[in-house]
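Following: one structure in C-alpha cells, then a few remarks.
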Amino acid sequence: MLRNDRWWLQPLATVLGLLAFVAYGTWTAFRGNHYFVGYPRDYLSPFYSPCLVNSCGKAADFGHLGGIGTVSPALVILIFPMGFRLTCYYYRKAYYRSFWASPPACAVADAGSTSPSGLRSHYSGETRFPLVLQNAHRYFWYFAVLFACILTWDAVEAFRFPGGIGMGLGTLFFVINAALIWIYTLGCHACRHICGGSAKRFSRSRVRYRFWRDVFTPLNHHHQLFAWMSLIFIAWTDLYVYLVSTGAVHDPRFF
Amino acid sequence: MPEEREIVMKLWRGDAGGGAFETYKLPAQEGEVVLDVVHRIQATKAPDLAVRWNCKAGKCGSCSAEINGRPRLMCMTRMSSLPIGEITVSPMRGFPIMRDLVTDVSYNFEVAKQIPSFTPAPKPPGGYRMSQVDIDRGQEFHKCIECFLCQNVCHVIRDHEDNKRVYAGPRFFVRLAELEMHPLDTLDRRAYISEAMGIGLCNITKCCTEVCPEDIHITDNAIIPLKERVVDARYDPVAWLGRKLLGRPAPLSAVQAARYTGAASSAARSPSARAVPASPETASSTGLPAD
C-alpha cells in the first residue's frame, strides 16, 4: 500500500451514513403508525406518501385502492424512491466504493481483485445480471418525478389549517423537503440526458439546450450534495411527523 | 540562520524483471515540484535514473507517476503540498514498467486505433457549418493531454488486467464522447461503445475524474452521457418503440461501426476481441508493493 493518507475516511463515512439511513428507514417503514398528523395539522410522512390503502384513513389524499392487511403502507410505496436512489449514478459510486470496495478509493486495490489462490478474479462491472438492471435508472426517474409532484402536494396540504391557510414549523420542513427532492430529481444524470444532453446539435434544440445549460447541468454538478441533503431531510421530516403525532413535540404555528 | 530542511524521497528503481525502492536524501529548495527533485537526484546521485518528461508545465502529459501512491503529474505536484516526511515516487502501476519511472503506455495507442473515426456527411469544400453552442460542449474534451493517469487509475484494468482486451478506458470514452457529440459527425457508435469498448464495465466510481490534471469531468460529462446513449440504443423499450413508430433507423451494429476504425488488422475490427494484449509485465508483477 503506497497511499499513506486517510483514504479510508470517505468510504467509512459513507457506510455509516447509509447504514444509519437504512436503519432509520427500516424502523419507520415497518412501524406502520404515527405517520400522519390529522386535526389540527395535515402532515403526512414522506415515507408513507402517497398513502392509498384503507388503513391510511384520512391520510389517503388520493383515495383508497383497497387493503394490504397488516403490512405497513410504506413498504408498498418505498420501492420506487428506493429503486431511484439505488440506481442513481451518485449512489452507485458511493456503495461500489464503500460497501463493495470496488475500488474502496482511487489507486487502492479492489477487495476482490485477487482470489485466495493469487489469481486475478474476473470483473464484469455492470454488464451482467443483476447489475445490468442499473440501466433502468431512467424509468425510476419517471416515477421520481411523479413522487416529487406528490410530495409537493403534501407540502401544499401542510398549509391547510383549521379556519384557512396557515403555516407551522412542520409546513416549513415539508416545503424544504419537497424542494430538495425536486433539486435532487432534476439534477439526475438520466434527466440531464433525456431533457437535453441527448441532442446531437444544441443549435436545433434551443429550449432543451437552455434547460440543459441553466438548470440540469448546474444541479447535476452538485448531485452528490443534494443526494445527501434530500436523504437526510426525508428522514428528518418523517421523524418530525412522528414526534408531533405521538405528542412528544408541539408544532409551533407561525400564522 | 534557519535550519536547512531535508527531503527524503524513495524512488522506484528497476525494470520489467523486478526492482526495489531506493532512498535519496537531499536538501530542500524553495518552490520546487516533485519533478525538480527527481531531476536533482538524477543530476547529483543517480545519473542512470530513467524518467520521462518534456514540458514541465502540465501540458505534455509525459511525467505521470504515483506520488505517495496517488497518480499525479510530477511537474504539477508542489513539494510544499505534500505531507512532511518520506515521499514515495513510483511508476504508473497500470502499465508495464520499462525502467525506473518510465512505463510502456503503448496499450493506449493500440486502443486509439480502435476508435471509429470522425465521419461527417460528404459535402463540397466550404460546405460545413457549425454553431458556437454545438462546439462549446466538446471543448472540455479537447483539453485532454493524454497523460493516461485516468487509464492508470481505472480499477477495471488496473486491478483486472484481462479487461484490457475488452475495455477502452476513460481517456477513450472522452474521445468517443467528443465524437458522439460532434455536430457534424454522422456515425452511430453506440453498439460499438457497448460491445467493443466495454463501457458496461465502468462502474462510475469517478477515480478518472479525481486524477485528471486538466479537470475534465470525465465521468459526468463523457462516460455517463455515453452510458445513457447506450441505454437509448440497447436497453430502452420506449426508445425502441419510438424508433419503430417514427420510422427511424435501428442503431448501427458494432460490426458495421468497426469498419470505420483506423486499425489495420482484421482482428482489431472484431468488436468481440480487440487486438490489445493483456500485458503480463505491468507494475503489479514487478515487485511494487500491492495497492
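Ordering of the C-alpha cells sets the chain letters (A, B, ...), residue numbers begin anew at 1 in every chain, and ligands are numbered from 1 in the order given.
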Would you give me, as a PyMOL selection string, the residues of chain B that come within 6 Å of chain A, using only C-alpha atoms?
chain B and resi 68-69+134+153+159+181+183+200-201+203-205+207+290-291
File of the preceding selection, N, CA, C and O atoms, as a PDB file, in the first residue's frame:
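Now in out31.pdb:
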ATOM      1  N   ASN B  68       3.337   9.220  -3.480  1.00  0.00           N
ATOM      2  CA  ASN B  68       2.709   8.691  -2.252  1.00  0.00           C
ATOM      3  C   ASN B  68       1.489   7.846  -2.594  1.00  0.00           C
ATOM      4  O   ASN B  68       0.461   7.888  -1.924  1.00  0.00           O
ATOM      5  N   GLY B  69       1.591   7.099  -3.686  1.00  0.00           N
ATOM      6  CA  GLY B  69       0.529   6.179  -4.085  1.00  0.00           C
ATOM      7  C   GLY B  69      -0.595   6.796  -4.870  1.00  0.00           C
ATOM      8  O   GLY B  69      -1.516   6.104  -5.277  1.00  0.00           O
ATOM      9  N   ASP B 134     -22.925  24.346 -30.378  1.00  0.00           N
ATOM     10  CA  ASP B 134     -22.625  22.938 -30.649  1.00  0.00           C
ATOM     11  C   ASP B 134     -21.151  22.621 -30.405  1.00  0.00           C
ATOM     12  O   ASP B 134     -20.806  21.502 -30.045  1.00  0.00           O
ATOM     13  N   VAL B 153      -5.457   4.780 -13.307  1.00  0.00           N
ATOM     14  CA  VAL B 153      -6.167   4.648 -12.026  1.00  0.00           C
ATOM     15  C   VAL B 153      -7.448   3.827 -12.164  1.00  0.00           C
ATOM     16  O   VAL B 153      -7.981   3.356 -11.157  1.00  0.00           O
ATOM     17  N   ASP B 159      -6.755  -3.317 -11.772  1.00  0.00           N
ATOM     18  CA  ASP B 159      -6.850  -4.489 -10.897  1.00  0.00           C
ATOM     19  C   ASP B 159      -7.270  -5.756 -11.628  1.00  0.00           C
ATOM     20  O   ASP B 159      -7.291  -6.833 -11.030  1.00  0.00           O
ATOM     21  N   MET B 181     -20.742  13.659 -29.718  1.00  0.00           N
ATOM     22  CA  MET B 181     -21.388  14.962 -29.531  1.00  0.00           C
ATOM     23  C   MET B 181     -20.972  15.965 -30.607  1.00  0.00           C
ATOM     24  O   MET B 181     -21.372  17.130 -30.548  1.00  0.00           O
ATOM     25  N   PRO B 183     -21.159  18.042 -33.786  1.00  0.00           N
ATOM     26  CA  PRO B 183     -22.346  18.385 -34.582  1.00  0.00           C
ATOM     27  C   PRO B 183     -22.288  17.896 -36.032  1.00  0.00           C
ATOM     28  O   PRO B 183     -23.335  17.753 -36.662  1.00  0.00           O
ATOM     29  N   GLY B 200     -19.907  -0.921 -20.319  1.00  0.00           N
ATOM     30  CA  GLY B 200     -20.651  -1.531 -19.209  1.00  0.00           C
ATOM     31  C   GLY B 200     -19.755  -1.967 -18.062  1.00  0.00           C
ATOM     32  O   GLY B 200     -20.228  -2.179 -16.943  1.00  0.00           O
ATOM     33  N   LEU B 201     -18.464  -2.096 -18.317  1.00  0.00           N
ATOM     34  CA  LEU B 201     -17.551  -2.498 -17.237  1.00  0.00           C
ATOM     35  C   LEU B 201     -17.285  -1.352 -16.267  1.00  0.00           C
ATOM     36  O   LEU B 201     -16.898  -1.573 -15.125  1.00  0.00           O
ATOM     37  N   ASN B 203     -17.920   1.165 -13.558  1.00  0.00           N
ATOM     38  CA  ASN B 203     -18.936   1.306 -12.500  1.00  0.00           C
ATOM     39  C   ASN B 203     -18.875   2.704 -11.880  1.00  0.00           C
ATOM     40  O   ASN B 203     -19.133   2.896 -10.712  1.00  0.00           O
ATOM     41  N   ILE B 204     -18.519   3.663 -12.705  1.00  0.00           N
ATOM     42  CA  ILE B 204     -18.616   5.108 -12.439  1.00  0.00           C
ATOM     43  C   ILE B 204     -18.188   5.506 -11.019  1.00  0.00           C
ATOM     44  O   ILE B 204     -18.869   6.283 -10.365  1.00  0.00           O
ATOM     45  N   THR B 205     -17.041   5.003 -10.582  1.00  0.00           N
ATOM     46  CA  THR B 205     -16.575   5.385  -9.246  1.00  0.00           C
ATOM     47  C   THR B 205     -15.714   6.659  -9.280  1.00  0.00           C
ATOM     48  O   THR B 205     -15.179   7.074  -8.257  1.00  0.00           O
ATOM     49  N   CYS B 207     -12.808   7.764 -10.210  1.00  0.00           N
ATOM     50  CA  CYS B 207     -11.383   7.966  -9.952  1.00  0.00           C
ATOM     51  C   CYS B 207     -10.721   8.686 -11.125  1.00  0.00           C
ATOM     52  O   CYS B 207      -9.798   9.480 -10.934  1.00  0.00           O
ATOM     53  N   ALA B 290       1.787  -4.041  -3.202  1.00  0.00           N
ATOM     54  CA  ALA B 290       0.387  -4.073  -3.622  1.00  0.00           C
ATOM     55  C   ALA B 290      -0.307  -2.783  -3.208  1.00  0.00           C
ATOM     56  O   ALA B 290       0.085  -2.140  -2.244  1.00  0.00           O
ATOM     57  N   ASP B 291      -1.355  -2.405  -3.983  1.00  0.00           N
ATOM     58  CA  ASP B 291      -2.148  -1.220  -3.651  1.00  0.00           C
ATOM     59  C   ASP B 291      -2.732  -1.383  -2.258  1.00  0.00           C
ATOM     60  O   ASP B 291      -3.149  -2.447  -1.871  1.00  0.00           O
TER      61      ASP B 291
END
Quick one: pick out all alpha helix (DSSP H) residues within stretch 123-244 of chain A from a backbone DSSP run and write them as a ChimeraX atom specification.
/A:137-157,169-186,189-192,206-211,217-221,223-244
Just the residues within 9 Å of B:Leu187, please, counting only C-alpha atoms, with nothing from its chain fewer than 5 positions along; format it as a PyMOL selection string.
chain B and resi 116-120+179-180+252+257+260
Could you pull out the strand (DSSP E or B) residues of stretch 35-270 of chain B from DSSP and send them as a ChimeraX atom specification?
/B:64-67,70-73,78,87-90,96-99,102-103,116,120,185,261
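Distances from B:Lys123, B:His217, B:Arg93, B:Arg165 to B:Arg137 were compared using only C-alpha atoms, and the smallest one belongs to B:His217.
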Using only C-alpha atoms, what table do you get, as a Markdown table, when you list each residue of stretch 155-211 of chain B with an atom no more than 12 Å from stretch 128-132 of chain B, its nearest pair of atoms, and their distance in Å rounded to one decimal, rows by chain then rising number?
| residue | atom | partner | partner_atom | distance |
| --- | --- | --- | --- | --- |
| B:His182 | CA | B:Met130 | CA | 9.4 |
| B:Pro183 | CA | B:Met130 | CA | 6.8 |
| B:Leu184 | CA | B:Met130 | CA | 7.5 |
| B:Asp185 | CA | B:Tyr128 | CA | 11.0 |
Selection file, C-alpha atoms, as a tab-separated table (two decimals), in the first residue's frame:
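File written: selection31.tsv
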chain	number	residue	atom	x	y	z
B	182	HIS	CA	-19.72	16.46	-32.61
B	183	PRO	CA	-22.35	18.39	-34.58
B	184	LEU	CA	-21.01	17.22	-37.96
B	185	ASP	CA	-20.39	13.58	-37.14
B:His39 proximity check over B:Val255, B:Cys63, B:Ala191, B:Ala57, using only C-alpha atoms: winner is B:Cys63
